[in-house]
Amino acid sequence: MFMPSRPFIVTALVATTLASCKVGPRYMPPETATPSSFRFEGRHSKYSGTSLGDLEWRTVFRDATLRSLIDDALAANQDLQAAAARVLQAQEQFQATKARLWPSIGASFDEQVTDISRSTAGGARLPLPTEISHRSAGMGLSLLSYEVDFWGKIRSATDAARAQHLASQEAQRQVQIGLIAGIATGYLTLRELDAELAIARRTLDARNKSLELVNTRKNGGQAALTDVKQAEVLVAETEATITQIQKGIGQLENQLSALLGRAPGSVRRGAGLSPSLVAQAPAGLPSDILRRRPDLVAAEQNLIAATANIGVAKAQLFPTFSLTASAGLRSKEFSNLFQNPSRLWQVGPSVSVPIFTGGRLMAALRGSKAAHAEAVAQYRQAVLNGLRDVSNALIDKETSGSYVAAQNKVVTARREALALIRQNYENGTTSYLEVLYNDQQLFAAELAAMRAQLDLLTAQVDLYRSLGGGWK
């Protein structure tokens, strides 16, 4: 039976006491210049306690088909599954590092047979009294193999691995944010392209009718051949535009299909665009993005890991203390291993002191401090990037709303002007050039108005994404 010696017990107690020591800096969140409000947040979007970033994405996106597509993407997107696998890798690495805090126990079994003959290959005989045959069998149990964490090296490594695991989780959230925002933006763009296609087809019908009218007037001697050719140009231009819109629809459907984790194909969707497709709410407080945005949370976890790695590097400069204990059985024959064996055991501490390493340990310490300085700068830059993204989204949202209203007025005015000019042309009081010019301008204005509506909706999606909203 293994009985630990008194020196071993004393060593273990001292190890337990000293293991509470931990070298290296303690993590302190870096100071950041966070303003009290976002720049360009509109007068009508004052914070009232409910931020857009606090809403869950199912509440923000009010179209049932879009929500269904997002669910499909979250279940089948390959990039998201790869990110989830990286989280599992980081989790197991954390568990493996954490396990170093505990003693390890192992077992071994061996059987040895040794035969020495007096004869050699050349016929000579060794000066041995007789042939030697030796057999032995043994079984051992490593009761304890434990590196005492005097200076907190293992605990610091565990802290670093834990922070890296959490950073990988935030990286997964970042992929999820990009996926959901990409699906939402692509879906809204598809609906906008459908609306453009409807406008183009309606315009083509009107231009075909205009071409028939011009042909009739030409046959009656009331219009020139140039008017016919100009009308034909309008028809051809519209047909070309329809082809380009259809191309964009097909390619965007393929892109969305890839995000949905399936082969290229059509994408189900509703029709039309309206501001009600995406919820409206104020941006909230700038400080909230520090806890919501996954890139900011990941940057802070990377900073925590860099801080812990300084402790690991510093602990390498100090002696390493280990405790070992083992016991075993040995016998000449395997059959006697459990009947009348020899009992063996050993126990004792060991100390490893770095005396000369050629500057390797000090270089590692300086490198860890430089990595920490880099992580601080990256965190502060991530905060600035977050504030910039929100501010840009707010600018886009505010200006897009005004642009939509102005562009709708342009469409109304162009439509009324074209109706009057066509009437004048039919009455013979104006040239077909006036009809041609105003028809082209109306078509362009209608397409621009639809794109402005899309910009307003996607600005709201970008604002929600930049706030690090409730994507879970």
# chains A, B, ... in the order shown; residues from 1 in each chain; ligands from 1

call {"tool": "select_by_dssp", "arguments": {"residues": "segment 182-392 of chain A", "states": "helix (DSSP H, G or I)", "output": "ChimeraX atom specification"}}
result
/A:182-219,225-259,275-277,286-292,294-315,334-336,360-392

call {"tool": "residues_around", "arguments": {"residues": "Ala283 of chain A", "least_positions_apart": "3", "cutoff": "9 Å", "atoms": "only C-alpha atoms", "output": "PDB file with C-alpha atoms, in the first residue's frame"}}
result
ATOM      1  CA  PHE A  38     -24.872  59.184 -31.806  1.00  0.00           C
ATOM      2  CA  GLU A  41     -29.542  60.823 -34.893  1.00  0.00           C
ATOM      3  CA  SER A  45     -35.615  59.648 -32.910  1.00  0.00           C
ATOM      4  CA  LYS A  46     -34.888  60.658 -29.341  1.00  0.00           C
ATOM      5  CA  TYR A  47     -34.085  57.811 -26.992  1.00  0.00           C
ATOM      6  CA  THR A  50     -36.273  51.257 -26.221  1.00  0.00           C
ATOM      7  CA  SER A  51     -33.438  51.016 -28.717  1.00  0.00           C
ATOM      8  CA  LEU A  52     -33.617  49.412 -32.134  1.00  0.00           C
ATOM      9  CA  GLY A  53     -30.611  47.346 -31.081  1.00  0.00           C
ATOM     10  CA  PRO A 286     -23.723  54.755 -27.835  1.00  0.00           C
ATOM     11  CA  VAL A 390     -23.918  53.656 -36.606  1.00  0.00           C
ATOM     12  CA  LEU A 394     -28.115  57.183 -39.366  1.00  0.00           C
ATOM     13  CA  LEU A 463     -28.496  50.559 -38.596  1.00  0.00           C
ATOM     14  CA  TYR A 464     -29.780  47.458 -36.832  1.00  0.00           C
ATOM     15  CA  LEU A 467     -26.018  48.529 -33.351  1.00  0.00           C
TER      16      LEU A 467
END

call {"tool": "residues_around", "arguments": {"residues": "Thr34 of chain A", "least_positions_apart": "5", "cutoff": "10 Å", "atoms": "only C-alpha atoms", "output": "list in words"}}
result
Leu285, Pro286, Ser287, Leu290, Val383, Leu384 and Leu387 of chain A

call {"tool": "residues_around", "arguments": {"residues": "Thr238 of chain A", "least_positions_apart": "6", "cutoff": "9 Å", "atoms": "only C-alpha atoms", "output": "VMD selection string"}}
result
chain A and resid 200 to 201 203 to 204 207

call {"tool": "write_last_selection", "arguments": {"atoms": "N, CA and C atoms", "output": "CSV table (one decimal), in the first residue's frame"}}
result
chain,number,residue,atom,x,y,z
A,200,ALA,N,-40.8,48.7,-65.8
A,200,ALA,CA,-40.3,48.6,-67.1
A,200,ALA,C,-41.3,47.9,-68.1
A,201,ARG,N,-42.0,46.9,-67.6
A,201,ARG,CA,-43.0,46.3,-68.5
A,201,ARG,C,-44.1,47.2,-68.8
A,203,THR,N,-44.0,50.4,-68.8
A,203,THR,CA,-43.4,51.5,-69.7
A,203,THR,C,-43.3,50.9,-71.1
A,204,LEU,N,-42.9,49.6,-71.2
A,204,LEU,CA,-42.8,49.0,-72.6
A,204,LEU,C,-44.2,49.0,-73.2
A,207,ARG,N,-45.0,52.5,-74.4
A,207,ARG,CA,-44.2,52.9,-75.6
A,207,ARG,C,-44.5,52.1,-76.8

call {"tool": "residues_around", "arguments": {"residues": "segment 60-77 of chain A", "least_positions_apart": "6", "cutoff": "7 Å", "atoms": "only C-alpha atoms", "output": "PDB file with N, CA and C atoms, in the first residue's frame"}}
result
ATOM      1  N   ILE A 180     -27.818  37.184 -41.530  1.00  0.00           N
ATOM      2  CA  ILE A 180     -29.199  37.686 -41.424  1.00  0.00           C
ATOM      3  C   ILE A 180     -29.345  39.007 -42.165  1.00  0.00           C
ATOM      4  N   ILE A 183     -29.322  38.250 -45.906  1.00  0.00           N
ATOM      5  CA  ILE A 183     -30.609  37.706 -46.367  1.00  0.00           C
ATOM      6  C   ILE A 183     -31.647  38.820 -46.452  1.00  0.00           C
ATOM      7  N   ALA A 184     -31.707  39.666 -45.415  1.00  0.00           N
ATOM      8  CA  ALA A 184     -32.704  40.742 -45.406  1.00  0.00           C
ATOM      9  C   ALA A 184     -32.468  41.720 -46.554  1.00  0.00           C
ATOM     10  N   TYR A 187     -33.258  40.038 -49.904  1.00  0.00           N
ATOM     11  CA  TYR A 187     -34.706  39.851 -50.064  1.00  0.00           C
ATOM     12  C   TYR A 187     -35.369  41.169 -50.460  1.00  0.00           C
ATOM     13  N   LEU A 259     -26.566  31.591 -49.727  1.00  0.00           N
ATOM     14  CA  LEU A 259     -26.679  31.945 -48.312  1.00  0.00           C
ATOM     15  C   LEU A 259     -27.658  31.030 -47.593  1.00  0.00           C
ATOM     16  N   LEU A 260     -28.653  30.560 -48.309  1.00  0.00           N
ATOM     17  CA  LEU A 260     -29.652  29.668 -47.715  1.00  0.00           C
ATOM     18  C   LEU A 260     -29.154  28.228 -47.627  1.00  0.00           C
ATOM     19  N   GLY A 261     -27.958  27.974 -48.159  1.00  0.00           N
ATOM     20  CA  GLY A 261     -27.387  26.639 -48.079  1.00  0.00           C
ATOM     21  C   GLY A 261     -28.002  25.654 -49.049  1.00  0.00           C
ATOM     22  N   ARG A 269     -40.975  35.162 -52.369  1.00  0.00           N
ATOM     23  CA  ARG A 269     -40.984  36.508 -51.832  1.00  0.00           C
ATOM     24  C   ARG A 269     -42.344  37.149 -52.054  1.00  0.00           C
ATOM     25  N   LEU A 277     -41.987  47.295 -43.744  1.00  0.00           N
ATOM     26  CA  LEU A 277     -41.332  45.993 -43.790  1.00  0.00           C
ATOM     27  C   LEU A 277     -40.258  45.851 -42.710  1.00  0.00           C
ATOM     28  N   VAL A 278     -39.684  46.980 -42.277  1.00  0.00           N
ATOM     29  CA  VAL A 278     -38.646  46.975 -41.249  1.00  0.00           C
ATOM     30  C   VAL A 278     -39.079  47.918 -40.139  1.00  0.00           C
ATOM     31  N   ALA A 279     -38.970  47.463 -38.887  1.00  0.00           N
ATOM     32  CA  ALA A 279     -39.417  48.259 -37.743  1.00  0.00           C
ATOM     33  C   ALA A 279     -38.580  49.528 -37.606  1.00  0.00           C
TER      34      ALA A 279
END

call {"tool": "closest_residue", "arguments": {"among": "A:Gln441, A:Leu193, A:Val175, A:Leu436", "to": "Thr412 of chain A", "atoms": "only C-alpha atoms"}}
result
A:Gln441

call {"tool": "closest_residue", "arguments": {"among": "A:Leu296, A:Ala96, A:Ala224, A:Ala195", "to": "Gln381 of chain A", "atoms": "only C-alpha atoms"}}
result
A:Leu296

call {"tool": "closest_atom_pairs", "arguments": {"of": "segment 224-307 of chain A", "to": "segment 364-375 of chain A", "cutoff": "8 Å", "atoms": "only C-alpha atoms", "output": "tab-separated table"}}
result
residue	atom	partner	partner_atom	distance
A:Ala299	CA	A:Ala375	CA	7.3
A:Asn302	CA	A:Ala375	CA	6.6
A:Leu303	CA	A:Ala375	CA	5.1
A:Ala306	CA	A:His372	CA	4.9
A:Thr307	CA	A:His372	CA	6.0

call {"tool": "write_last_selection", "arguments": {"atoms": "C-alpha atoms", "output": "PDB file, in the first residue's frame"}}
result
ATOM      1  CA  ALA A 299     -12.011  42.490 -29.322  1.00  0.00           C
ATOM      2  CA  ASN A 302      -8.901  39.067 -27.235  1.00  0.00           C
ATOM      3  CA  LEU A 303      -7.555  41.808 -24.989  1.00  0.00           C
ATOM      4  CA  ALA A 306      -3.485  39.019 -24.301  1.00  0.00           C
ATOM      5  CA  THR A 307      -3.421  40.212 -20.678  1.00  0.00           C
TER       6      THR A 307
END

call {"tool": "closest_residue", "arguments": {"among": "A:Asp54, A:Asp159, A:Glu253, A:Asp396", "to": "Arg292 of chain A", "atoms": "only C-alpha atoms"}}
result
A:Asp54

call {"tool": "atom_distance", "arguments": {"atom1": "atom CA of Phe356 of chain A", "atom2": "atom CA of Phe321 of chain A"}}
result
17.8 Å

call {"tool": "select_by_dssp", "arguments": {"residues": "segment 95-319 of chain A", "states": "strand (DSSP E)", "output": "number ranges by chain"}}
result
A: 104-116, 132-148

call {"tool": "write_last_selection", "arguments": {"atoms": "N, CA and C atoms", "output": "PDB file, in the first residue's frame"}}
result
ATOM      1  N   SER A 104      -2.665  14.384 -12.946  1.00  0.00           N
ATOM      2  CA  SER A 104      -2.955  13.338 -13.921  1.00  0.00           C
ATOM      3  C   SER A 104      -2.594  11.985 -13.336  1.00  0.00           C
ATOM      4  N   ILE A 105      -3.398  10.986 -13.654  1.00  0.00           N
ATOM      5  CA  ILE A 105      -3.209   9.630 -13.171  1.00  0.00           C
ATOM      6  C   ILE A 105      -3.171   8.703 -14.373  1.00  0.00           C
ATOM      7  N   GLY A 106      -2.205   7.786 -14.394  1.00  0.00           N
ATOM      8  CA  GLY A 106      -2.085   6.857 -15.496  1.00  0.00           C
ATOM      9  C   GLY A 106      -1.684   5.478 -15.016  1.00  0.00           C
ATOM     10  N   ALA A 107      -1.789   4.509 -15.873  1.00  0.00           N
ATOM     11  CA  ALA A 107      -1.436   3.132 -15.533  1.00  0.00           C
ATOM     12  C   ALA A 107      -0.599   2.554 -16.657  1.00  0.00           C
ATOM     13  N   SER A 108       0.248   1.530 -16.307  1.00  0.00           N
ATOM     14  CA  SER A 108       1.099   0.890 -17.302  1.00  0.00           C
ATOM     15  C   SER A 108       1.227  -0.592 -16.986  1.00  0.00           C
ATOM     16  N   PHE A 109       1.486  -1.390 -18.000  1.00  0.00           N
ATOM     17  CA  PHE A 109       1.699  -2.828 -17.842  1.00  0.00           C
ATOM     18  C   PHE A 109       2.801  -3.237 -18.796  1.00  0.00           C
ATOM     19  N   ASP A 110       3.721  -4.099 -18.335  1.00  0.00           N
ATOM     20  CA  ASP A 110       4.784  -4.557 -19.210  1.00  0.00           C
ATOM     21  C   ASP A 110       5.177  -5.983 -18.862  1.00  0.00           C
ATOM     22  N   GLU A 111       5.691  -6.685 -19.856  1.00  0.00           N
ATOM     23  CA  GLU A 111       6.251  -8.026 -19.672  1.00  0.00           C
ATOM     24  C   GLU A 111       7.519  -8.096 -20.501  1.00  0.00           C
ATOM     25  N   GLN A 112       8.632  -8.471 -19.863  1.00  0.00           N
ATOM     26  CA  GLN A 112       9.926  -8.483 -20.523  1.00  0.00           C
ATOM     27  C   GLN A 112      10.496  -9.892 -20.513  1.00  0.00           C
ATOM     28  N   VAL A 113      11.120 -10.302 -21.604  1.00  0.00           N
ATOM     29  CA  VAL A 113      11.809 -11.587 -21.733  1.00  0.00           C
ATOM     30  C   VAL A 113      13.188 -11.313 -22.301  1.00  0.00           C
ATOM     31  N   THR A 114      14.231 -11.742 -21.595  1.00  0.00           N
ATOM     32  CA  THR A 114      15.617 -11.525 -22.013  1.00  0.00           C
ATOM     33  C   THR A 114      16.335 -12.866 -22.095  1.00  0.00           C
ATOM     34  N   ASP A 115      16.910 -13.240 -23.240  1.00  0.00           N
ATOM     35  CA  ASP A 115      17.685 -14.473 -23.443  1.00  0.00           C
ATOM     36  C   ASP A 115      19.067 -14.096 -23.958  1.00  0.00           C
ATOM     37  N   ILE A 116      20.126 -14.588 -23.277  1.00  0.00           N
ATOM     38  CA  ILE A 116      21.514 -14.366 -23.683  1.00  0.00           C
ATOM     39  C   ILE A 116      22.162 -15.707 -23.902  1.00  0.00           C
ATOM     40  N   ILE A 132      21.750 -17.473 -20.216  1.00  0.00           N
ATOM     41  CA  ILE A 132      20.942 -16.694 -19.257  1.00  0.00           C
ATOM     42  C   ILE A 132      19.567 -16.447 -19.866  1.00  0.00           C
ATOM     43  N   SER A 133      18.552 -16.733 -19.113  1.00  0.00           N
ATOM     44  CA  SER A 133      17.167 -16.446 -19.508  1.00  0.00           C
ATOM     45  C   SER A 133      16.490 -15.714 -18.362  1.00  0.00           C
ATOM     46  N   HIS A 134      15.968 -14.530 -18.666  1.00  0.00           N
ATOM     47  CA  HIS A 134      15.350 -13.715 -17.615  1.00  0.00           C
ATOM     48  C   HIS A 134      13.963 -13.263 -18.058  1.00  0.00           C
ATOM     49  N   ARG A 135      13.005 -13.425 -17.203  1.00  0.00           N
ATOM     50  CA  ARG A 135      11.646 -12.997 -17.466  1.00  0.00           C
ATOM     51  C   ARG A 135      11.170 -12.122 -16.305  1.00  0.00           C
ATOM     52  N   SER A 136      10.336 -11.135 -16.659  1.00  0.00           N
ATOM     53  CA  SER A 136       9.729 -10.300 -15.616  1.00  0.00           C
ATOM     54  C   SER A 136       8.441  -9.700 -16.149  1.00  0.00           C
ATOM     55  N   ALA A 137       7.546  -9.432 -15.235  1.00  0.00           N
ATOM     56  CA  ALA A 137       6.268  -8.789 -15.564  1.00  0.00           C
ATOM     57  C   ALA A 137       5.985  -7.729 -14.522  1.00  0.00           C
ATOM     58  N   GLY A 138       5.365  -6.651 -14.938  1.00  0.00           N
ATOM     59  CA  GLY A 138       5.093  -5.589 -13.989  1.00  0.00           C
ATOM     60  C   GLY A 138       3.854  -4.809 -14.348  1.00  0.00           C
ATOM     61  N   MET A 139       3.326  -4.144 -13.358  1.00  0.00           N
ATOM     62  CA  MET A 139       2.171  -3.267 -13.539  1.00  0.00           C
ATOM     63  C   MET A 139       2.382  -2.054 -12.650  1.00  0.00           C
ATOM     64  N   GLY A 140       2.195  -0.870 -13.204  1.00  0.00           N
ATOM     65  CA  GLY A 140       2.425   0.338 -12.438  1.00  0.00           C
ATOM     66  C   GLY A 140       1.235   1.274 -12.493  1.00  0.00           C
ATOM     67  N   LEU A 141       1.149   2.122 -11.484  1.00  0.00           N
ATOM     68  CA  LEU A 141       0.087   3.124 -11.388  1.00  0.00           C
ATOM     69  C   LEU A 141       0.723   4.443 -10.999  1.00  0.00           C
ATOM     70  N   SER A 142       0.625   5.407 -11.900  1.00  0.00           N
ATOM     71  CA  SER A 142       1.122   6.740 -11.581  1.00  0.00           C
ATOM     72  C   SER A 142       0.069   7.450 -10.762  1.00  0.00           C
ATOM     73  N   LEU A 143       0.294   7.466  -9.437  1.00  0.00           N
ATOM     74  CA  LEU A 143      -0.728   8.013  -8.551  1.00  0.00           C
ATOM     75  C   LEU A 143      -0.838   9.523  -8.670  1.00  0.00           C
ATOM     76  N   LEU A 144       0.277  10.190  -9.004  1.00  0.00           N
ATOM     77  CA  LEU A 144       0.230  11.647  -9.034  1.00  0.00           C
ATOM     78  C   LEU A 144       1.292  12.178  -9.971  1.00  0.00           C
ATOM     79  N   SER A 145       0.895  13.039 -10.863  1.00  0.00           N
ATOM     80  CA  SER A 145       1.833  13.789 -11.681  1.00  0.00           C
ATOM     81  C   SER A 145       1.247  15.188 -11.804  1.00  0.00           C
ATOM     82  N   TYR A 146       1.834  16.119 -11.094  1.00  0.00           N
ATOM     83  CA  TYR A 146       1.163  17.398 -10.899  1.00  0.00           C
ATOM     84  C   TYR A 146       2.183  18.524 -10.909  1.00  0.00           C
ATOM     85  N   GLU A 147       1.988  19.470 -11.833  1.00  0.00           N
ATOM     86  CA  GLU A 147       2.787  20.695 -11.815  1.00  0.00           C
ATOM     87  C   GLU A 147       2.080  21.708 -10.938  1.00  0.00           C
ATOM     88  N   VAL A 148       2.733  22.082  -9.857  1.00  0.00           N
ATOM     89  CA  VAL A 148       2.128  23.023  -8.920  1.00  0.00           C
ATOM     90  C   VAL A 148       2.134  24.421  -9.544  1.00  0.00           C
TER      91      VAL A 148
END

call {"tool": "residues_around", "arguments": {"residues": "Val347 of chain A", "least_positions_apart": "4", "cutoff": "7 Å", "atoms": "only C-alpha atoms", "output": "list in words"}}
result
Thr324, Ala325 and Ser326 of chain A
